[in-house]
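Worksheet: one structure, shown below.
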Number of protein chains: 2
Amino acid sequence: MTKATAKSNPKSRPYHHGDLRRSLLDTARSMLQEDTGWQFTLREVARRAGVSHAAPYKHFADRGALLAEIAAAGFQTMEAAMRVAAERNAKSCEATLQAIARAVMDFGLANSGLYRLMYSAEVDKKAYPALEQAALSSFGVLLAALEQGQRAGVLRAGPVRGQAAACWALVHGLTTLQIDGQLTHDKVGSKPVTVALDYLMDGLKA
Amino acid sequence: MTKATAKSNPKSRPYHHGDLRRSLLDTARSMLQEDTGWQFTLREVARRAGVSHAAPYKHFADRGALLAEIAAAGFQTMEAAMRVAAERNAKSCEATLQAIARAVMDFGLANSGLYRLMYSAEVDKKAYPALEQAALSSFGVLLAALEQGQRAGVLRAGPVRGQAAACWALVHGLTTLQIDGQLTHDKVGSKPVTVALDYLMDGLKA
DNA sequence: CTCCATATGTTTACAGTGGTAACTTCGAGG
DNA sequence: CCTCGAAGTTACCACTGTAAACATATGGAG
């Protein structure tokens, strides 16, 4: 592909960008990073990518499709983080779950814009099966950890998905609260996260 | 006020609406009700209120101000629901907390659009102190219940705000999950909510 | 090697949005 | 009664998402 060579010479701005699709995704991601205030215009993405405002439509059906793809990718990298956290803390079930929770929250805090997008009504999972599946897949990491905990007899026997929903809801809630700055140190103590999780963990134990 | 008489005769559409401010709020609220897909245009509100698209600006600084006011009102009615739930189930601390949780979730499910708005990044609490205070005030109901539980010795002694954060996060998380239809019966069991709360309650108990 | 089909980009256009400004109308208080 | 300000209106601006028509570069067929 000579496209690569074209990209190697950014000065002459070849008519064909080379890899606009990737470039648009990257640009959009970086915009999500800086942009806490929720605004996201496709035209601005195009502008920053140095391309006409209609160009993105050659690669994405519409604005929603771009967002959906970014959100899906977000779920995937979050899932990856969850997995390594789980594997590195496999000694006890509690440790694993705590590690997963921390991984999610760290991810959310580090990429607050992206995290918001992932759970925003802006992008509807029904319309993008790939997105929905990415979300479900990340949920699976939690499920697996809980199942193992039950098998080991550390956790109460019971509907795993119910326990998972509780954990997920708690972690997600804490993350958004923290993103919105409502879990400030003076309001809620020093280690609200660990503490809150401990409460739930105690309730889940056998 | 003869304005009232003017409003009583809607046919002749008097040049001055009578009570446009209230009317706009009502219209907007009802739009939030039907509208699950997140779109909310000020012009549409004006249209439905039977008024020109610039009229709202005589009563609200901008779109955000309207939304903020609606969100604040939402927090107030939610708080009211929480309060009556708490008072009607004051026998035991567990019952009170469960009732509060149910009240929040019922409110969220019954007014999903409004609930979304209340926690949306669309309306930033920093910019509207009244909104922020309304949110904090509703949080206070939960705090009070937990404090009472601690005093009664039913709950662990400890930082109340931390426990509150845990409860809040859990309930909020469950509510949004349920609104998004991700807590379906087959996925998560029959009474995911009560169950999940029970887990946390067990962990909070002394 | 030539040439053309096609993927990718650009320009132009349109409807709809939030927001401002200048004009009109109404009703209340001197 | 008359005026003055509040609450409407229309006209306008910059911007958005999206579509259609046009332009260009590139790879593969002849």
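Naming scheme: A, B, ... for chains in displayed order of the structure tokens; residues 1 onward per chain; ligands 1 onward as shown.
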Just fit chain A onto chain B on all the Cα atoms, in order, by least squares, and give it as a PDB file with C-alpha atoms, in the first residue's frame.
```pdb
ATOM      1  CA  MET A   1     -54.013  39.978  38.308  1.00  0.00           C
ATOM      2  CA  THR A   2     -56.036  39.979  35.147  1.00  0.00           C
ATOM      3  CA  LYS A   3     -53.474  37.604  33.749  1.00  0.00           C
ATOM      4  CA  ALA A   4     -55.501  34.818  35.263  1.00  0.00           C
ATOM      5  CA  THR A   5     -58.538  35.830  33.315  1.00  0.00           C
ATOM      6  CA  ALA A   6     -56.478  35.932  30.192  1.00  0.00           C
ATOM      7  CA  LYS A   7     -55.394  32.373  30.811  1.00  0.00           C
ATOM      8  CA  SER A   8     -58.969  31.318  31.400  1.00  0.00           C
ATOM      9  CA  ASN A   9     -59.732  32.015  27.755  1.00  0.00           C
ATOM     10  CA  PRO A  10     -57.193  29.931  25.864  1.00  0.00           C
ATOM     11  CA  LYS A  11     -58.945  30.325  22.519  1.00  0.00           C
ATOM     12  CA  SER A  12     -58.173  33.942  21.963  1.00  0.00           C
ATOM     13  CA  ARG A  13     -54.523  33.283  22.706  1.00  0.00           C
ATOM     14  CA  PRO A  14     -53.797  36.520  24.456  1.00  0.00           C
ATOM     15  CA  TYR A  15     -50.531  38.014  23.476  1.00  0.00           C
ATOM     16  CA  HIS A  16     -49.320  37.478  26.972  1.00  0.00           C
ATOM     17  CA  HIS A  17     -49.489  33.891  27.920  1.00  0.00           C
ATOM     18  CA  GLY A  18     -50.377  34.396  31.541  1.00  0.00           C
ATOM     19  CA  ASP A  19     -47.992  32.007  33.196  1.00  0.00           C
ATOM     20  CA  LEU A  20     -45.552  30.970  30.561  1.00  0.00           C
ATOM     21  CA  ARG A  21     -42.792  30.135  32.963  1.00  0.00           C
ATOM     22  CA  ARG A  22     -44.797  27.432  34.680  1.00  0.00           C
ATOM     23  CA  SER A  23     -46.184  26.301  31.370  1.00  0.00           C
ATOM     24  CA  LEU A  24     -42.717  25.865  29.918  1.00  0.00           C
ATOM     25  CA  LEU A  25     -41.576  23.852  32.903  1.00  0.00           C
ATOM     26  CA  ASP A  26     -44.611  21.614  32.682  1.00  0.00           C
ATOM     27  CA  THR A  27     -44.230  21.106  28.961  1.00  0.00           C
ATOM     28  CA  ALA A  28     -40.568  20.299  29.326  1.00  0.00           C
ATOM     29  CA  ARG A  29     -41.294  17.838  32.097  1.00  0.00           C
ATOM     30  CA  SER A  30     -43.853  16.039  30.032  1.00  0.00           C
ATOM     31  CA  MET A  31     -41.410  15.897  27.148  1.00  0.00           C
ATOM     32  CA  LEU A  32     -38.871  14.268  29.417  1.00  0.00           C
ATOM     33  CA  GLN A  33     -41.492  11.720  30.339  1.00  0.00           C
ATOM     34  CA  GLU A  34     -42.170  10.446  26.836  1.00  0.00           C
ATOM     35  CA  ASP A  35     -38.764  11.046  25.473  1.00  0.00           C
ATOM     36  CA  THR A  36     -36.481   8.217  26.355  1.00  0.00           C
ATOM     37  CA  GLY A  37     -34.044   8.923  23.579  1.00  0.00           C
ATOM     38  CA  TRP A  38     -32.031  11.817  24.847  1.00  0.00           C
ATOM     39  CA  GLN A  39     -32.994  14.803  22.807  1.00  0.00           C
ATOM     40  CA  PHE A  40     -34.326  17.962  24.258  1.00  0.00           C
ATOM     41  CA  THR A  41     -34.690  21.087  22.216  1.00  0.00           C
ATOM     42  CA  LEU A  42     -35.763  24.353  23.667  1.00  0.00           C
ATOM     43  CA  ARG A  43     -37.501  25.249  20.453  1.00  0.00           C
ATOM     44  CA  GLU A  44     -39.654  22.168  20.717  1.00  0.00           C
ATOM     45  CA  VAL A  45     -40.671  23.151  24.219  1.00  0.00           C
ATOM     46  CA  ALA A  46     -41.655  26.573  22.956  1.00  0.00           C
ATOM     47  CA  ARG A  47     -43.517  25.026  20.058  1.00  0.00           C
ATOM     48  CA  ARG A  48     -45.561  22.773  22.312  1.00  0.00           C
ATOM     49  CA  ALA A  49     -46.260  25.628  24.651  1.00  0.00           C
ATOM     50  CA  GLY A  50     -47.637  27.429  21.643  1.00  0.00           C
ATOM     51  CA  VAL A  51     -45.207  30.264  21.804  1.00  0.00           C
ATOM     52  CA  SER A  52     -42.407  31.647  19.697  1.00  0.00           C
ATOM     53  CA  HIS A  53     -39.022  30.002  20.025  1.00  0.00           C
ATOM     54  CA  ALA A  54     -37.476  33.046  21.627  1.00  0.00           C
ATOM     55  CA  ALA A  55     -40.096  33.478  24.304  1.00  0.00           C
ATOM     56  CA  PRO A  56     -38.455  31.099  26.787  1.00  0.00           C
ATOM     57  CA  TYR A  57     -35.486  33.427  26.992  1.00  0.00           C
ATOM     58  CA  LYS A  58     -37.654  35.913  28.817  1.00  0.00           C
ATOM     59  CA  HIS A  59     -37.938  33.420  31.650  1.00  0.00           C
ATOM     60  CA  PHE A  60     -34.738  31.394  31.511  1.00  0.00           C
ATOM     61  CA  ALA A  61     -31.224  32.528  30.823  1.00  0.00           C
ATOM     62  CA  ASP A  62     -30.619  29.626  28.506  1.00  0.00           C
ATOM     63  CA  ARG A  63     -31.479  26.056  27.839  1.00  0.00           C
ATOM     64  CA  GLY A  64     -29.267  24.923  30.681  1.00  0.00           C
ATOM     65  CA  ALA A  65     -31.129  27.066  33.181  1.00  0.00           C
ATOM     66  CA  LEU A  66     -34.423  25.468  32.265  1.00  0.00           C
ATOM     67  CA  LEU A  67     -32.956  22.004  32.594  1.00  0.00           C
ATOM     68  CA  ALA A  68     -31.298  22.876  35.874  1.00  0.00           C
ATOM     69  CA  GLU A  69     -34.548  24.085  37.329  1.00  0.00           C
ATOM     70  CA  ILE A  70     -36.365  20.959  36.242  1.00  0.00           C
ATOM     71  CA  ALA A  71     -33.612  18.796  37.655  1.00  0.00           C
ATOM     72  CA  ALA A  72     -33.711  20.656  40.953  1.00  0.00           C
ATOM     73  CA  ALA A  73     -37.453  20.206  41.169  1.00  0.00           C
ATOM     74  CA  GLY A  74     -36.892  16.535  40.414  1.00  0.00           C
ATOM     75  CA  PHE A  75     -34.561  16.187  43.354  1.00  0.00           C
ATOM     76  CA  GLN A  76     -37.111  17.867  45.561  1.00  0.00           C
ATOM     77  CA  THR A  77     -39.965  15.568  44.648  1.00  0.00           C
ATOM     78  CA  MET A  78     -37.649  12.589  44.943  1.00  0.00           C
ATOM     79  CA  GLU A  79     -36.613  13.743  48.366  1.00  0.00           C
ATOM     80  CA  ALA A  80     -40.240  14.083  49.350  1.00  0.00           C
ATOM     81  CA  ALA A  81     -40.867  10.505  48.255  1.00  0.00           C
ATOM     82  CA  MET A  82     -37.844   9.375  50.220  1.00  0.00           C
ATOM     83  CA  ARG A  83     -39.105  11.133  53.317  1.00  0.00           C
ATOM     84  CA  VAL A  84     -42.574   9.640  53.302  1.00  0.00           C
ATOM     85  CA  ALA A  85     -41.073   6.217  52.610  1.00  0.00           C
ATOM     86  CA  ALA A  86     -38.752   6.628  55.567  1.00  0.00           C
ATOM     87  CA  GLU A  87     -41.476   7.815  57.886  1.00  0.00           C
ATOM     88  CA  ARG A  88     -43.815   5.033  56.954  1.00  0.00           C
ATOM     89  CA  ASN A  89     -41.158   2.417  57.631  1.00  0.00           C
ATOM     90  CA  ALA A  90     -39.526   3.733  60.732  1.00  0.00           C
ATOM     91  CA  LYS A  91     -39.864   0.552  62.726  1.00  0.00           C
ATOM     92  CA  SER A  92     -36.464  -0.874  61.935  1.00  0.00           C
ATOM     93  CA  CYS A  93     -33.423   0.682  60.402  1.00  0.00           C
ATOM     94  CA  GLU A  94     -33.288  -1.993  57.750  1.00  0.00           C
ATOM     95  CA  ALA A  95     -36.867  -1.369  56.792  1.00  0.00           C
ATOM     96  CA  THR A  96     -36.257   2.346  56.582  1.00  0.00           C
ATOM     97  CA  LEU A  97     -33.257   1.996  54.342  1.00  0.00           C
ATOM     98  CA  GLN A  98     -34.978  -0.538  52.137  1.00  0.00           C
ATOM     99  CA  ALA A  99     -37.952   1.767  51.844  1.00  0.00           C
ATOM    100  CA  ILE A 100     -35.789   4.724  50.907  1.00  0.00           C
ATOM    101  CA  ALA A 101     -34.034   2.646  48.308  1.00  0.00           C
ATOM    102  CA  ARG A 102     -37.303   1.492  46.839  1.00  0.00           C
ATOM    103  CA  ALA A 103     -38.563   5.036  46.783  1.00  0.00           C
ATOM    104  CA  VAL A 104     -35.567   6.190  44.805  1.00  0.00           C
ATOM    105  CA  MET A 105     -35.763   3.347  42.364  1.00  0.00           C
ATOM    106  CA  ASP A 106     -39.487   3.699  41.882  1.00  0.00           C
ATOM    107  CA  PHE A 107     -39.022   7.366  41.254  1.00  0.00           C
ATOM    108  CA  GLY A 108     -36.254   6.669  38.777  1.00  0.00           C
ATOM    109  CA  LEU A 109     -38.245   4.091  36.896  1.00  0.00           C
ATOM    110  CA  ALA A 110     -41.399   6.180  36.851  1.00  0.00           C
ATOM    111  CA  ASN A 111     -39.551   9.272  35.607  1.00  0.00           C
ATOM    112  CA  SER A 112     -36.609   7.804  33.799  1.00  0.00           C
ATOM    113  CA  GLY A 113     -36.031  10.816  31.626  1.00  0.00           C
ATOM    114  CA  LEU A 114     -36.065  13.170  34.547  1.00  0.00           C
ATOM    115  CA  TYR A 115     -33.872  10.869  36.588  1.00  0.00           C
ATOM    116  CA  ARG A 116     -31.350  10.692  33.786  1.00  0.00           C
ATOM    117  CA  LEU A 117     -31.347  14.433  33.555  1.00  0.00           C
ATOM    118  CA  MET A 118     -30.728  14.801  37.269  1.00  0.00           C
ATOM    119  CA  TYR A 119     -27.526  12.833  36.991  1.00  0.00           C
ATOM    120  CA  SER A 120     -26.609  13.898  33.500  1.00  0.00           C
ATOM    121  CA  ALA A 121     -23.494  15.800  32.648  1.00  0.00           C
ATOM    122  CA  GLU A 122     -25.838  17.888  30.541  1.00  0.00           C
ATOM    123  CA  VAL A 123     -26.621  19.987  33.548  1.00  0.00           C
ATOM    124  CA  ASP A 124     -23.671  20.956  35.641  1.00  0.00           C
ATOM    125  CA  LYS A 125     -24.362  21.314  39.320  1.00  0.00           C
ATOM    126  CA  LYS A 126     -21.492  23.710  39.874  1.00  0.00           C
ATOM    127  CA  ALA A 127     -23.192  26.336  37.769  1.00  0.00           C
ATOM    128  CA  TYR A 128     -26.523  26.075  39.560  1.00  0.00           C
ATOM    129  CA  PRO A 129     -26.156  26.146  43.340  1.00  0.00           C
ATOM    130  CA  ALA A 130     -29.871  25.615  43.851  1.00  0.00           C
ATOM    131  CA  LEU A 131     -29.591  22.367  41.956  1.00  0.00           C
ATOM    132  CA  GLU A 132     -26.580  21.254  43.885  1.00  0.00           C
ATOM    133  CA  GLN A 133     -28.238  21.997  47.149  1.00  0.00           C
ATOM    134  CA  ALA A 134     -31.380  20.124  46.169  1.00  0.00           C
ATOM    135  CA  ALA A 135     -29.246  17.104  45.391  1.00  0.00           C
ATOM    136  CA  LEU A 136     -27.367  17.387  48.664  1.00  0.00           C
ATOM    137  CA  SER A 137     -30.588  17.778  50.560  1.00  0.00           C
ATOM    138  CA  SER A 138     -31.985  14.526  49.223  1.00  0.00           C
ATOM    139  CA  PHE A 139     -28.751  12.851  50.185  1.00  0.00           C
ATOM    140  CA  GLY A 140     -29.437  14.100  53.692  1.00  0.00           C
ATOM    141  CA  VAL A 141     -32.431  11.798  54.064  1.00  0.00           C
ATOM    142  CA  LEU A 142     -30.166   8.826  53.642  1.00  0.00           C
ATOM    143  CA  LEU A 143     -27.620  10.262  56.035  1.00  0.00           C
ATOM    144  CA  ALA A 144     -30.226  10.726  58.717  1.00  0.00           C
ATOM    145  CA  ALA A 145     -31.449   7.150  58.395  1.00  0.00           C
ATOM    146  CA  LEU A 146     -27.932   5.789  58.698  1.00  0.00           C
ATOM    147  CA  GLU A 147     -27.131   7.947  61.675  1.00  0.00           C
ATOM    148  CA  GLN A 148     -30.178   6.702  63.442  1.00  0.00           C
ATOM    149  CA  GLY A 149     -29.209   3.147  62.631  1.00  0.00           C
ATOM    150  CA  GLN A 150     -25.808   3.693  64.149  1.00  0.00           C
ATOM    151  CA  ARG A 151     -27.252   5.285  67.257  1.00  0.00           C
ATOM    152  CA  ALA A 152     -29.591   2.347  67.655  1.00  0.00           C
ATOM    153  CA  GLY A 153     -26.594   0.053  67.439  1.00  0.00           C
ATOM    154  CA  VAL A 154     -28.043  -1.762  64.456  1.00  0.00           C
ATOM    155  CA  LEU A 155     -25.344  -0.529  62.109  1.00  0.00           C
ATOM    156  CA  ARG A 156     -21.623  -0.568  62.518  1.00  0.00           C
ATOM    157  CA  ALA A 157     -20.180   2.543  63.999  1.00  0.00           C
ATOM    158  CA  GLY A 158     -18.094   4.340  61.425  1.00  0.00           C
ATOM    159  CA  PRO A 159     -18.055   7.224  59.016  1.00  0.00           C
ATOM    160  CA  VAL A 160     -21.672   7.771  58.125  1.00  0.00           C
ATOM    161  CA  ARG A 161     -20.873   9.506  54.905  1.00  0.00           C
ATOM    162  CA  GLY A 162     -18.893   6.516  53.769  1.00  0.00           C
ATOM    163  CA  GLN A 163     -21.799   4.217  54.419  1.00  0.00           C
ATOM    164  CA  ALA A 164     -24.084   6.698  52.758  1.00  0.00           C
ATOM    165  CA  ALA A 165     -21.872   6.827  49.709  1.00  0.00           C
ATOM    166  CA  ALA A 166     -22.001   3.052  49.484  1.00  0.00           C
ATOM    167  CA  CYS A 167     -25.783   2.950  49.754  1.00  0.00           C
ATOM    168  CA  TRP A 168     -26.231   5.828  47.376  1.00  0.00           C
ATOM    169  CA  ALA A 169     -23.894   4.371  44.815  1.00  0.00           C
ATOM    170  CA  LEU A 170     -25.562   0.997  44.989  1.00  0.00           C
ATOM    171  CA  VAL A 171     -29.072   2.339  44.654  1.00  0.00           C
ATOM    172  CA  HIS A 172     -28.134   4.782  41.940  1.00  0.00           C
ATOM    173  CA  GLY A 173     -26.283   2.096  40.041  1.00  0.00           C
ATOM    174  CA  LEU A 174     -29.177  -0.317  40.285  1.00  0.00           C
ATOM    175  CA  THR A 175     -31.592   2.343  39.173  1.00  0.00           C
ATOM    176  CA  THR A 176     -29.663   3.280  36.064  1.00  0.00           C
ATOM    177  CA  LEU A 177     -29.051  -0.351  35.234  1.00  0.00           C
ATOM    178  CA  GLN A 178     -32.741  -1.001  35.526  1.00  0.00           C
ATOM    179  CA  ILE A 179     -33.660   2.046  33.486  1.00  0.00           C
ATOM    180  CA  ASP A 180     -31.365   0.828  30.762  1.00  0.00           C
ATOM    181  CA  GLY A 181     -33.088  -2.529  30.901  1.00  0.00           C
ATOM    182  CA  GLN A 182     -29.992  -4.379  31.971  1.00  0.00           C
ATOM    183  CA  LEU A 183     -31.554  -5.933  35.034  1.00  0.00           C
ATOM    184  CA  THR A 184     -33.974  -8.159  33.212  1.00  0.00           C
ATOM    185  CA  HIS A 185     -35.640 -10.906  35.113  1.00  0.00           C
ATOM    186  CA  ASP A 186     -33.851 -13.729  33.349  1.00  0.00           C
ATOM    187  CA  LYS A 187     -30.457 -12.164  33.674  1.00  0.00           C
ATOM    188  CA  VAL A 188     -30.435 -11.417  37.286  1.00  0.00           C
ATOM    189  CA  GLY A 189     -33.091 -13.283  39.157  1.00  0.00           C
ATOM    190  CA  SER A 190     -36.468 -12.248  40.382  1.00  0.00           C
ATOM    191  CA  LYS A 191     -35.800  -9.618  42.970  1.00  0.00           C
ATOM    192  CA  PRO A 192     -32.404  -8.242  42.165  1.00  0.00           C
ATOM    193  CA  VAL A 193     -32.994  -5.029  43.967  1.00  0.00           C
ATOM    194  CA  THR A 194     -34.024  -6.312  47.339  1.00  0.00           C
ATOM    195  CA  VAL A 195     -31.376  -8.980  47.143  1.00  0.00           C
ATOM    196  CA  ALA A 196     -28.578  -6.606  46.266  1.00  0.00           C
ATOM    197  CA  LEU A 197     -29.600  -4.273  49.033  1.00  0.00           C
ATOM    198  CA  ASP A 198     -29.696  -7.148  51.457  1.00  0.00           C
ATOM    199  CA  TYR A 199     -26.108  -7.957  50.646  1.00  0.00           C
ATOM    200  CA  LEU A 200     -25.028  -4.464  51.441  1.00  0.00           C
ATOM    201  CA  MET A 201     -27.219  -4.262  54.523  1.00  0.00           C
ATOM    202  CA  ASP A 202     -25.669  -7.398  55.904  1.00  0.00           C
ATOM    203  CA  GLY A 203     -22.299  -5.843  55.486  1.00  0.00           C
ATOM    204  CA  LEU A 204     -23.381  -2.691  57.223  1.00  0.00           C
ATOM    205  CA  LYS A 205     -24.856  -4.387  60.240  1.00  0.00           C
ATOM    206  CA  ALA A 206     -23.054  -4.309  63.535  1.00  0.00           C
TER     207      ALA A 206
END
```
### Query
Excluding same-chain residues fewer than 6 positions from DC3 in chain C, what lies within 12 Å of it counting only C-alpha atoms (C1' of nucleotides), as a ChimeraX atom specification?
/D:26-30
### Query
Using the chain letters and numbers from this document, which residues of range 85-181 of chain A does DSSP assign to helix (DSSP H, G or I), as an MDAnalysis selection string?
chainID A and resid 85:88 93:110 112:118 125:127 129:151 160:179
Chain C residues near chain A within 9 Å, closest pair each, using only C-alpha atoms (C1' of nucleotides), as a tab-separated table:
```
residue	atom	partner	partner_atom	distance
C:DA7	C1'	A:Lys58	CA	8.8
C:DT8	C1'	A:His16	CA	6.3
C:DG9	C1'	A:Ala55	CA	6.1
C:DT10	C1'	A:Ser52	CA	6.6
```
